[in-house]
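The structure appears right after this line, and notes come after that.
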Amino acid sequence: TQAIGVEAALGAFVAGIVLGRSRYQDADAIHILDRITRDVFAPLFFATAGIFVDVGALASREGLLWFGVLLVVAAVAKFVGGYLGTRWGGRDRPTAVALGVGLNARGTLEIVLATIALSLGVFNVTSYSAVVMVALLSALVTPPLLRVALGRVVPPAAEEARLERERRLAESVIASVDRAMIPTRGGESSELAAQTLHLVLQPEASVTVLTVHSPDHDPQACGCEQALDGAAAHLGDRQIERRRAVSNDASGAILKEAGLGYGMLTLGMTEGFRDSQQLSPTLRQLLADSEIPLLLVRHAADADDADDDARRPDRYRRLVVPVTGTRMSRAAEEIATTLASRTEGTLDLVHVVPRPDRDAAARAALPAATTQPIGPGAARFSPQGGTATARDEELPTAQGLLARAMTRVDRAGVTAEGHIRQAVRPDAGVLDVADSVDADAIFLGAQVRSVEGQPFLGHGTEYLLEHARQAVLVLVFPAAEDPA
């Protein structure tokens, strides 16, 4: 824009809009640019703009006259424009007044244009000072006026629902994902991953289905199109992009694509994991090097091969989620809640109090790990049948965790039951609940760690992946991410 004779600031403005709408964004890069702009460049710009302001130039009769005229015109024009636009949009008068008042604080662009005009000689010091002071005065007066105006606004139910949804999105790990990716080589596992992803993503989120084949393979005979179509067929009517990569390094190609602004990877575990209990080399590499969350889907072990529908996530009716209070646990709870809300399923929220201090003989003398059914909003939980499920000093913490989880699930309109379990290991307690309620799936959150150069998800998570007869879904956070 500078080269063609238009001010460079206009080009920067257009570039900002284009880049802001791009799918290929790096959240860390945006955060760094935002901090640098707010903490360095913006203060320098406004300080520089203030240096050229001469308040004394407005002290004359002519200066005050033009300052007053400019202030009135700017305030009235912004207020009337906002007010009329809001009323024409069908909103009530208090809302229109609030929007009209709020628009008066938008003075940054005025200062930018005034600075350009001063540098080009279009403005003199008096006119420049008047514009800057109008923007400054508008910014100072707007907050108290806006508080008064907003006090009279009664938001409609739809607006309250939108605000509540935005609050949930701000706290969410999954609901804020607007782009996800499924690497596929075809087969039932990839299709299961696609079915699951379709159910847990927001309707407006897009999905890229990626397949990688070797340069030695004939593009027409590699089965890539069939693999892409097989996964895409389970993604409904959401926006889908099919991509093919040619590389001998499948994990490297997937990670390269994942770096282009995706919020989550979803992978189905291969059928061979059942027998070998070994992760494939590609999956191990993705777990070790992925910088975004990875949703790992392992199908149920006891599903009847003759009935493929038994494996489908939209048939899940009982979903077990361990509750530990961590961000990873909340993320698993969020996925399960979203899926249950779309399948009319029931959540079984489980908090396990580990008791490694009991030896085998003492445990054999006790009843099997017992359960306390918990209802939403319950303040206290008493053990049933006279058998406590945890030590007394541990019950308040367990009850509090479950009560808060039940409240969150209840807000989403999902039916849930709570369980406090006592078990030697947390994974054993979770598996016991899953078996007792005849659950269809177990949802877990985990953070990958490196043990002797290999990715490790934790003993409990790996035990459930290897031994649970239910489907197991694990949201794996990158090693570099703080899950607190």
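Every chain in the structure tokens takes a letter, A first, then B, and so on in the order presented; its residues are numbered from 1, and the ligands are numbered from 1 following the presented order.
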With only C-alpha atoms as the counted atoms, please give the residues lying no more than 7 Å from Pro478 of chain A, apart from itself and same-chain residues fewer than 4 positions off, as number ranges by chain.
A: 290-293, 447-448
For Leu235 of chain A, please output as a VMD selection string all residues within 12 Å (counting only C-alpha atoms; exclusion window: fewer than 5 positions along the same chain).
chain A and resid 180 to 182 190 to 209 228 to 230 240 to 242
Kindly export the residues of the current selection with N, CA and C atoms, as a PDB file, in the first residue's frame.
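This went into selection_27.pdb:
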ATOM      1  N   ALA A 180      -9.606 -30.069  13.613  1.00  0.00           N
ATOM      2  CA  ALA A 180      -9.032 -31.323  14.106  1.00  0.00           C
ATOM      3  C   ALA A 180      -8.585 -32.151  12.916  1.00  0.00           C
ATOM      4  N   MET A 181      -7.727 -33.132  13.190  1.00  0.00           N
ATOM      5  CA  MET A 181      -7.189 -33.953  12.111  1.00  0.00           C
ATOM      6  C   MET A 181      -7.236 -35.420  12.485  1.00  0.00           C
ATOM      7  N   ILE A 182      -7.557 -36.261  11.492  1.00  0.00           N
ATOM      8  CA  ILE A 182      -7.542 -37.710  11.646  1.00  0.00           C
ATOM      9  C   ILE A 182      -6.582 -38.300  10.618  1.00  0.00           C
ATOM     10  N   SER A 190      -9.732 -46.399  12.338  1.00  0.00           N
ATOM     11  CA  SER A 190      -9.825 -45.013  11.863  1.00  0.00           C
ATOM     12  C   SER A 190     -11.269 -44.564  11.760  1.00  0.00           C
ATOM     13  N   GLU A 191     -12.148 -45.456  11.332  1.00  0.00           N
ATOM     14  CA  GLU A 191     -13.554 -45.095  11.231  1.00  0.00           C
ATOM     15  C   GLU A 191     -14.148 -44.866  12.614  1.00  0.00           C
ATOM     16  N   LEU A 192     -13.730 -45.674  13.613  1.00  0.00           N
ATOM     17  CA  LEU A 192     -14.180 -45.461  14.977  1.00  0.00           C
ATOM     18  C   LEU A 192     -13.704 -44.104  15.488  1.00  0.00           C
ATOM     19  N   ALA A 193     -12.449 -43.740  15.177  1.00  0.00           N
ATOM     20  CA  ALA A 193     -11.925 -42.435  15.585  1.00  0.00           C
ATOM     21  C   ALA A 193     -12.722 -41.309  14.950  1.00  0.00           C
ATOM     22  N   ALA A 194     -13.085 -41.456  13.679  1.00  0.00           N
ATOM     23  CA  ALA A 194     -13.874 -40.435  12.998  1.00  0.00           C
ATOM     24  C   ALA A 194     -15.263 -40.306  13.617  1.00  0.00           C
ATOM     25  N   GLN A 195     -15.897 -41.430  13.926  1.00  0.00           N
ATOM     26  CA  GLN A 195     -17.207 -41.396  14.560  1.00  0.00           C
ATOM     27  C   GLN A 195     -17.149 -40.672  15.905  1.00  0.00           C
ATOM     28  N   THR A 196     -16.118 -40.982  16.686  1.00  0.00           N
ATOM     29  CA  THR A 196     -15.972 -40.355  18.000  1.00  0.00           C
ATOM     30  C   THR A 196     -15.730 -38.864  17.870  1.00  0.00           C
ATOM     31  N   LEU A 197     -14.825 -38.482  16.978  1.00  0.00           N
ATOM     32  CA  LEU A 197     -14.503 -37.072  16.804  1.00  0.00           C
ATOM     33  C   LEU A 197     -15.729 -36.283  16.371  1.00  0.00           C
ATOM     34  N   HIS A 198     -16.515 -36.850  15.486  1.00  0.00           N
ATOM     35  CA  HIS A 198     -17.717 -36.171  15.018  1.00  0.00           C
ATOM     36  C   HIS A 198     -18.681 -35.878  16.167  1.00  0.00           C
ATOM     37  N   LEU A 199     -18.736 -36.768  17.141  1.00  0.00           N
ATOM     38  CA  LEU A 199     -19.664 -36.598  18.257  1.00  0.00           C
ATOM     39  C   LEU A 199     -19.159 -35.610  19.302  1.00  0.00           C
ATOM     40  N   VAL A 200     -17.839 -35.476  19.467  1.00  0.00           N
ATOM     41  CA  VAL A 200     -17.326 -34.624  20.540  1.00  0.00           C
ATOM     42  C   VAL A 200     -16.990 -33.210  20.080  1.00  0.00           C
ATOM     43  N   LEU A 201     -16.800 -32.989  18.790  1.00  0.00           N
ATOM     44  CA  LEU A 201     -16.501 -31.638  18.299  1.00  0.00           C
ATOM     45  C   LEU A 201     -17.765 -30.807  18.195  1.00  0.00           C
ATOM     46  N   GLN A 202     -17.587 -29.480  18.256  1.00  0.00           N
ATOM     47  CA  GLN A 202     -18.690 -28.570  17.993  1.00  0.00           C
ATOM     48  C   GLN A 202     -19.076 -28.658  16.513  1.00  0.00           C
ATOM     49  N   PRO A 203     -20.370 -28.424  16.189  1.00  0.00           N
ATOM     50  CA  PRO A 203     -20.822 -28.593  14.796  1.00  0.00           C
ATOM     51  C   PRO A 203     -20.053 -27.743  13.789  1.00  0.00           C
ATOM     52  N   GLU A 204     -19.587 -26.561  14.226  1.00  0.00           N
ATOM     53  CA  GLU A 204     -18.910 -25.667  13.273  1.00  0.00           C
ATOM     54  C   GLU A 204     -17.443 -26.025  13.061  1.00  0.00           C
ATOM     55  N   ALA A 205     -16.903 -26.951  13.828  1.00  0.00           N
ATOM     56  CA  ALA A 205     -15.484 -27.316  13.692  1.00  0.00           C
ATOM     57  C   ALA A 205     -15.263 -28.122  12.413  1.00  0.00           C
ATOM     58  N   SER A 206     -14.132 -27.906  11.791  1.00  0.00           N
ATOM     59  CA  SER A 206     -13.785 -28.630  10.564  1.00  0.00           C
ATOM     60  C   SER A 206     -12.806 -29.755  10.884  1.00  0.00           C
ATOM     61  N   VAL A 207     -12.751 -30.736   9.997  1.00  0.00           N
ATOM     62  CA  VAL A 207     -11.883 -31.895  10.201  1.00  0.00           C
ATOM     63  C   VAL A 207     -11.101 -32.151   8.917  1.00  0.00           C
ATOM     64  N   THR A 208      -9.809 -32.378   9.072  1.00  0.00           N
ATOM     65  CA  THR A 208      -8.961 -32.782   7.959  1.00  0.00           C
ATOM     66  C   THR A 208      -8.651 -34.262   8.094  1.00  0.00           C
ATOM     67  N   VAL A 209      -8.922 -35.010   7.033  1.00  0.00           N
ATOM     68  CA  VAL A 209      -8.595 -36.433   7.001  1.00  0.00           C
ATOM     69  C   VAL A 209      -7.334 -36.579   6.159  1.00  0.00           C
ATOM     70  N   LEU A 228      -9.456 -42.374   2.839  1.00  0.00           N
ATOM     71  CA  LEU A 228      -9.999 -41.036   3.097  1.00  0.00           C
ATOM     72  C   LEU A 228     -11.520 -41.054   3.101  1.00  0.00           C
ATOM     73  N   ASP A 229     -12.094 -41.727   2.124  1.00  0.00           N
ATOM     74  CA  ASP A 229     -13.553 -41.786   2.046  1.00  0.00           C
ATOM     75  C   ASP A 229     -14.149 -42.536   3.226  1.00  0.00           C
ATOM     76  N   GLY A 230     -13.450 -43.605   3.680  1.00  0.00           N
ATOM     77  CA  GLY A 230     -13.967 -44.390   4.793  1.00  0.00           C
ATOM     78  C   GLY A 230     -14.085 -43.584   6.065  1.00  0.00           C
ATOM     79  N   ILE A 240     -15.133 -30.807   5.680  1.00  0.00           N
ATOM     80  CA  ILE A 240     -14.109 -31.845   5.650  1.00  0.00           C
ATOM     81  C   ILE A 240     -13.087 -31.513   4.564  1.00  0.00           C
ATOM     82  N   GLU A 241     -11.822 -31.684   4.895  1.00  0.00           N
ATOM     83  CA  GLU A 241     -10.753 -31.520   3.912  1.00  0.00           C
ATOM     84  C   GLU A 241      -9.985 -32.836   3.815  1.00  0.00           C
ATOM     85  N   ARG A 242      -9.836 -33.349   2.609  1.00  0.00           N
ATOM     86  CA  ARG A 242      -9.075 -34.590   2.378  1.00  0.00           C
ATOM     87  C   ARG A 242      -7.676 -34.225   1.890  1.00  0.00           C
TER      88      ARG A 242
END
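With only C-alpha atoms as the atoms that count, the minimum distance from Ser329 of chain A to the choices A:Val122, A:Ala157, A:Leu113, A:Leu402 is reached by A:Leu402.
If only C-alpha atoms are the atoms counted, then among A:Gly102, A:Pro156, A:Gly56, A:Pro183 the closest residue to Ala130 of chain A is A:Gly56.
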If DSSP is run on the backbone, what residues of segment 219-305 of chain A are strand (DSSP E)? A reply as number ranges by chain would be ideal.
A: 240-246, 264-268, 294-298
Suppose we keep all heavy atoms; can you now write the selection as a short mmCIF file (atom, residue, chain, number, x, y, z; two decimals), in the first residue's frame?
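Written output follows (selection.cif):
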data_model
loop_
_atom_site.label_atom_id
_atom_site.label_comp_id
_atom_site.auth_asym_id
_atom_site.auth_seq_id
_atom_site.Cartn_x
_atom_site.Cartn_y
_atom_site.Cartn_z
N ILE A 240 -15.13 -30.81 5.68
CA ILE A 240 -14.11 -31.85 5.65
C ILE A 240 -13.09 -31.51 4.56
O ILE A 240 -13.45 -31.13 3.45
CB ILE A 240 -14.72 -33.24 5.37
CG1 ILE A 240 -15.78 -33.57 6.41
CG2 ILE A 240 -13.65 -34.31 5.35
CD1 ILE A 240 -16.61 -34.79 6.05
N GLU A 241 -11.82 -31.68 4.90
CA GLU A 241 -10.75 -31.52 3.91
C GLU A 241 -9.99 -32.84 3.81
O GLU A 241 -9.55 -33.39 4.83
CB GLU A 241 -9.80 -30.40 4.33
CG GLU A 241 -8.69 -30.15 3.31
CD GLU A 241 -7.78 -29.01 3.71
OE1 GLU A 241 -7.97 -28.47 4.82
OE2 GLU A 241 -6.88 -28.68 2.93
N ARG A 242 -9.84 -33.35 2.61
CA ARG A 242 -9.07 -34.59 2.38
C ARG A 242 -7.68 -34.23 1.89
O ARG A 242 -7.53 -33.46 0.95
CB ARG A 242 -9.78 -35.46 1.33
CG ARG A 242 -11.14 -35.99 1.76
CD ARG A 242 -11.83 -36.66 0.58
NE ARG A 242 -13.05 -37.33 0.96
CZ ARG A 242 -14.22 -36.73 1.09
NH1 ARG A 242 -14.31 -35.42 0.89
NH2 ARG A 242 -15.30 -37.42 1.43
N ARG A 243 -6.68 -34.78 2.57
CA ARG A 243 -5.31 -34.47 2.19
C ARG A 243 -4.50 -35.76 2.07
O ARG A 243 -4.69 -36.71 2.84
CB ARG A 243 -4.65 -33.54 3.20
CG ARG A 243 -5.29 -32.17 3.26
CD ARG A 243 -4.56 -31.26 4.23
NE ARG A 243 -3.20 -30.99 3.80
CZ ARG A 243 -2.85 -30.05 2.94
NH1 ARG A 243 -3.80 -29.29 2.40
NH2 ARG A 243 -1.59 -29.86 2.61
N ARG A 244 -3.58 -35.77 1.11
CA ARG A 244 -2.67 -36.90 0.90
C ARG A 244 -1.25 -36.40 0.97
O ARG A 244 -0.90 -35.38 0.36
CB ARG A 244 -2.93 -37.58 -0.43
CG ARG A 244 -4.28 -38.24 -0.52
CD ARG A 244 -4.58 -38.74 -1.93
NE ARG A 244 -3.58 -39.69 -2.40
CZ ARG A 244 -3.72 -40.37 -3.54
NH1 ARG A 244 -4.79 -40.19 -4.30
NH2 ARG A 244 -2.78 -41.22 -3.91
N ALA A 245 -0.42 -37.09 1.72
CA ALA A 245 0.99 -36.74 1.83
C ALA A 245 1.84 -37.90 1.34
O ALA A 245 1.49 -39.07 1.54
CB ALA A 245 1.35 -36.40 3.27
N VAL A 246 2.91 -37.59 0.67
CA VAL A 246 3.82 -38.61 0.14
C VAL A 246 5.10 -38.53 0.94
O VAL A 246 5.83 -37.54 0.90
CB VAL A 246 4.10 -38.38 -1.35
CG1 VAL A 246 5.05 -39.45 -1.87
CG2 VAL A 246 2.80 -38.38 -2.15
N MET A 264 -6.40 -30.44 17.60
CA MET A 264 -6.39 -31.79 18.17
C MET A 264 -6.15 -32.82 17.08
O MET A 264 -6.59 -32.65 15.94
CB MET A 264 -7.73 -32.08 18.86
CG MET A 264 -7.77 -33.41 19.61
SD MET A 264 -9.24 -33.57 20.65
CE MET A 264 -10.51 -33.59 19.38
N LEU A 265 -5.44 -33.88 17.45
CA LEU A 265 -5.26 -35.06 16.62
C LEU A 265 -6.14 -36.18 17.18
O LEU A 265 -6.31 -36.28 18.39
CB LEU A 265 -3.82 -35.53 16.66
CG LEU A 265 -2.82 -34.98 15.64
CD1 LEU A 265 -1.41 -35.44 16.02
CD2 LEU A 265 -3.16 -35.44 14.24
N THR A 266 -6.69 -37.01 16.31
CA THR A 266 -7.48 -38.15 16.76
C THR A 266 -7.00 -39.40 16.03
O THR A 266 -6.88 -39.40 14.81
CB THR A 266 -8.98 -37.94 16.48
OG1 THR A 266 -9.42 -36.75 17.11
CG2 THR A 266 -9.79 -39.10 17.02
N LEU A 267 -6.71 -40.44 16.81
CA LEU A 267 -6.17 -41.67 16.23
C LEU A 267 -6.89 -42.88 16.81
O LEU A 267 -7.17 -42.94 18.01
CB LEU A 267 -4.68 -41.80 16.54
CG LEU A 267 -3.73 -40.89 15.75
CD1 LEU A 267 -2.35 -40.92 16.39
CD2 LEU A 267 -3.64 -41.34 14.31
N GLY A 268 -7.18 -43.84 15.94
CA GLY A 268 -7.70 -45.12 16.40
C GLY A 268 -6.56 -46.10 16.58
O GLY A 268 -5.67 -46.20 15.73
N LEU A 294 -3.88 -35.16 21.79
CA LEU A 294 -4.14 -36.31 20.92
C LEU A 294 -5.22 -37.16 21.56
O LEU A 294 -5.06 -37.62 22.69
CB LEU A 294 -2.86 -37.11 20.71
CG LEU A 294 -2.85 -38.20 19.64
CD1 LEU A 294 -1.43 -38.42 19.14
CD2 LEU A 294 -3.41 -39.51 20.18
N LEU A 295 -6.33 -37.36 20.85
CA LEU A 295 -7.41 -38.22 21.33
C LEU A 295 -7.19 -39.62 20.80
O LEU A 295 -7.25 -39.87 19.60
CB LEU A 295 -8.77 -37.68 20.88
CG LEU A 295 -9.99 -38.49 21.33
CD1 LEU A 295 -10.08 -38.55 22.85
CD2 LEU A 295 -11.28 -37.89 20.75
N LEU A 296 -6.91 -40.53 21.71
CA LEU A 296 -6.60 -41.92 21.38
C LEU A 296 -7.84 -42.77 21.63
O LEU A 296 -8.39 -42.76 22.73
CB LEU A 296 -5.43 -42.40 22.23
CG LEU A 296 -4.74 -43.71 21.88
CD1 LEU A 296 -4.18 -43.65 20.47
CD2 LEU A 296 -3.63 -43.98 22.88
N VAL A 297 -8.29 -43.51 20.61
CA VAL A 297 -9.53 -44.28 20.70
C VAL A 297 -9.21 -45.76 20.52
O VAL A 297 -8.62 -46.16 19.52
CB VAL A 297 -10.54 -43.83 19.62
CG1 VAL A 297 -11.84 -44.60 19.75
CG2 VAL A 297 -10.79 -42.33 19.72
N ARG A 298 -9.59 -46.57 21.52
CA ARG A 298 -9.42 -48.01 21.43
C ARG A 298 -10.79 -48.67 21.56
O ARG A 298 -11.53 -48.41 22.51
CB ARG A 298 -8.51 -48.50 22.56
CG ARG A 298 -7.95 -49.90 22.34
CD ARG A 298 -7.95 -50.69 23.64
NE ARG A 298 -9.32 -51.03 24.02
CZ ARG A 298 -9.67 -51.53 25.20
NH1 ARG A 298 -8.77 -51.71 26.13
NH2 ARG A 298 -10.92 -51.84 25.47
#
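Nearest to Pro354 of chain A of all the residues A:Ile335, A:Val212, A:Leu65, A:Ala398 is A:Ala398, based on only C-alpha atoms.
We find atom CA of Ala446 of chain A and atom CA of Leu286 of chain A to be spaced 14.5 Å apart.
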Once DSSP has gone over the backbone, tell me which residues of segment 69-273 of chain A are in alpha helix (DSSP H), as a PyMOL selection string.
chain A and resi 69-88+93-102+108-120+125-150+157-171+188-200+224-232+250-258+273
